[in-house]
>>> print(open('data_21.cif').read())   # mmCIF, C-alpha atoms
data_data
loop_
_atom_site.label_atom_id
_atom_site.label_comp_id
_atom_site.auth_asym_id
_atom_site.auth_seq_id
_atom_site.Cartn_x
_atom_site.Cartn_y
_atom_site.Cartn_z
CA MET A 18 -32.13 -82.30 19.49
CA PRO A 19 -34.10 -80.30 22.09
CA ILE A 20 -33.75 -76.67 23.02
CA LYS A 21 -31.76 -76.42 26.26
CA SER A 22 -32.31 -72.85 27.49
CA LYS A 23 -34.69 -69.90 27.31
CA ALA A 24 -32.08 -67.90 25.41
CA GLN A 25 -31.82 -70.65 22.81
CA ARG A 26 -35.61 -70.77 22.48
CA ARG A 27 -35.68 -66.99 21.86
CA LYS A 28 -32.95 -67.32 19.23
CA PHE A 29 -34.84 -70.06 17.39
CA ALA A 30 -38.04 -67.99 17.50
CA GLU A 31 -36.12 -65.05 16.03
CA LEU A 32 -34.74 -67.27 13.25
CA LEU A 33 -38.28 -68.51 12.56
CA VAL A 34 -39.61 -64.96 12.25
CA GLU A 35 -36.76 -64.02 9.90
CA GLY A 36 -37.53 -67.07 7.78
CA LYS A 37 -34.12 -68.71 8.24
CA ILE A 38 -35.63 -71.93 9.63
CA THR A 39 -38.91 -73.68 8.88
CA PRO A 40 -41.79 -73.89 11.38
CA GLU A 41 -41.34 -77.70 11.37
CA THR A 42 -37.74 -77.36 12.51
CA PHE A 43 -38.73 -74.96 15.27
CA GLU A 44 -41.51 -77.26 16.49
CA GLU A 45 -39.20 -80.28 16.42
CA TRP A 46 -36.61 -78.56 18.61
CA ASN A 47 -39.23 -76.98 20.88
CA ARG A 48 -41.12 -80.26 21.33
CA GLY A 49 -37.92 -81.97 22.47
CA ALA A 50 -37.66 -79.56 25.41
CA GLY A 51 -41.19 -80.38 26.53
CA SER A 52 -42.88 -78.33 29.23
CA LYS A 53 -39.99 -78.43 31.71
CA GLU A 54 -38.61 -75.22 33.18
CA LEU A 55 -35.50 -74.19 31.25
CA PRO A 56 -32.58 -72.16 32.65
CA GLU A 57 -32.05 -68.65 31.31
CA ARG A 58 -28.64 -69.60 29.95
CA LEU A 59 -27.02 -73.00 29.68
CA HIS A 60 -23.51 -71.72 30.49
CA PRO A 61 -23.67 -68.38 32.31
CA GLU A 62 -20.68 -66.08 31.88
CA ARG A 63 -18.05 -66.52 34.55
CA LYS A 64 -16.41 -63.70 36.38
CA PRO A 65 -12.66 -63.55 35.84
CA LYS A 66 -10.66 -65.02 38.69
CA ARG A 67 -8.52 -62.70 40.75
CA LYS A 68 -4.85 -63.47 40.53
CA ALA A 69 -2.87 -63.80 43.72
CA VAL A 70 -0.34 -60.99 43.96
CA LYS A 71 2.60 -61.00 46.33
CA LYS A 72 2.70 -58.14 48.80
CA THR A 73 6.06 -56.92 47.55
CA ALA A 74 4.81 -56.86 44.00
CA LYS A 75 1.79 -54.83 45.08
CA LYS A 76 3.97 -52.20 46.73
CA THR A 77 6.24 -51.79 43.74
CA ALA A 78 3.28 -51.66 41.41
CA ARG A 79 1.74 -48.90 43.49
CA LYS A 80 4.96 -46.91 43.51
CA LYS A 81 5.24 -47.09 39.74
CA THR A 82 1.66 -46.05 39.07
CA ALA A 83 1.27 -43.48 41.85
CA LYS A 84 3.88 -41.00 40.68
CA LYS A 85 2.92 -37.49 41.67
CA LYS A 86 3.80 -34.47 39.65
CA VAL A 87 6.05 -32.26 41.72
CA ALA A 88 6.45 -28.59 41.00
CA PRO A 89 10.05 -27.60 40.22
CA LYS A 90 11.94 -26.38 43.27
CA LYS A 91 12.62 -22.69 43.58
CA PRO A 92 16.25 -21.75 44.06
CA ALA A 93 17.09 -21.30 47.72
CA ALA A 94 17.49 -17.72 48.85
CA LYS A 95 21.04 -16.84 49.87
CA LYS A 96 21.47 -16.11 53.53
CA LYS A 97 22.85 -12.78 54.38
CA THR A 98 25.90 -13.03 56.55
CA ALA A 99 27.39 -10.30 58.61
CA ARG A 100 30.77 -9.29 57.26
CA THR A 101 33.41 -8.46 59.66
CA ARG A 102 35.93 -5.78 58.81
CA ALA A 103 39.47 -6.61 59.36
#
>>> encode(input="data_21.cif", output="structure tokens")
Amino acid sequence: MPIKSKAQRRKFAELLVEGKITPETFEEWNRGAGSKELPERLHPERKPKRKAVKKTAKKTARKKTAKKKVAPKKPAAKKKTARTRA
């Protein structure tokens, strides 16, 4: 079975250096790939898809997460009223 990517070739070379595979095995796999240009990775990582969010859900989500800390209100000062004498 041939090597299918540059990353796989590097991994097999690493295993060869560590002594986990024989040089014959490495040559067999490498020979199968030939001299063709290999991709860096066979299956590149995909970016996660964005989920569609309804506008109403966005607004409520924002309200829940965007709570501001409000300082406690000071008691209102009493207004002075003019007293009339009877």
>>> residues_around(input="data_21.cif", residues="range 41-57 of chain A", least_positions_apart="6", cutoff="12 Å", atoms="all atoms listed in the file", output="list in words")
Met18, Pro19, Ile20, Lys21, Ser22, Lys23, Ala24, Gln25, Arg26, Arg27, Lys28, Phe29, Ala30, Glu31, Leu32, Leu33 and Val34 of chain A
>>> atom_distance(input="data_21.cif", atom1="CA of His60 in chain A", atom2="CA of Glu35 in chain A")
25.7 Å
>>> atom_distance(input="data_21.cif", atom1="CA of Gly36 in chain A", atom2="CA of Glu62 in chain A")
29.4 Å
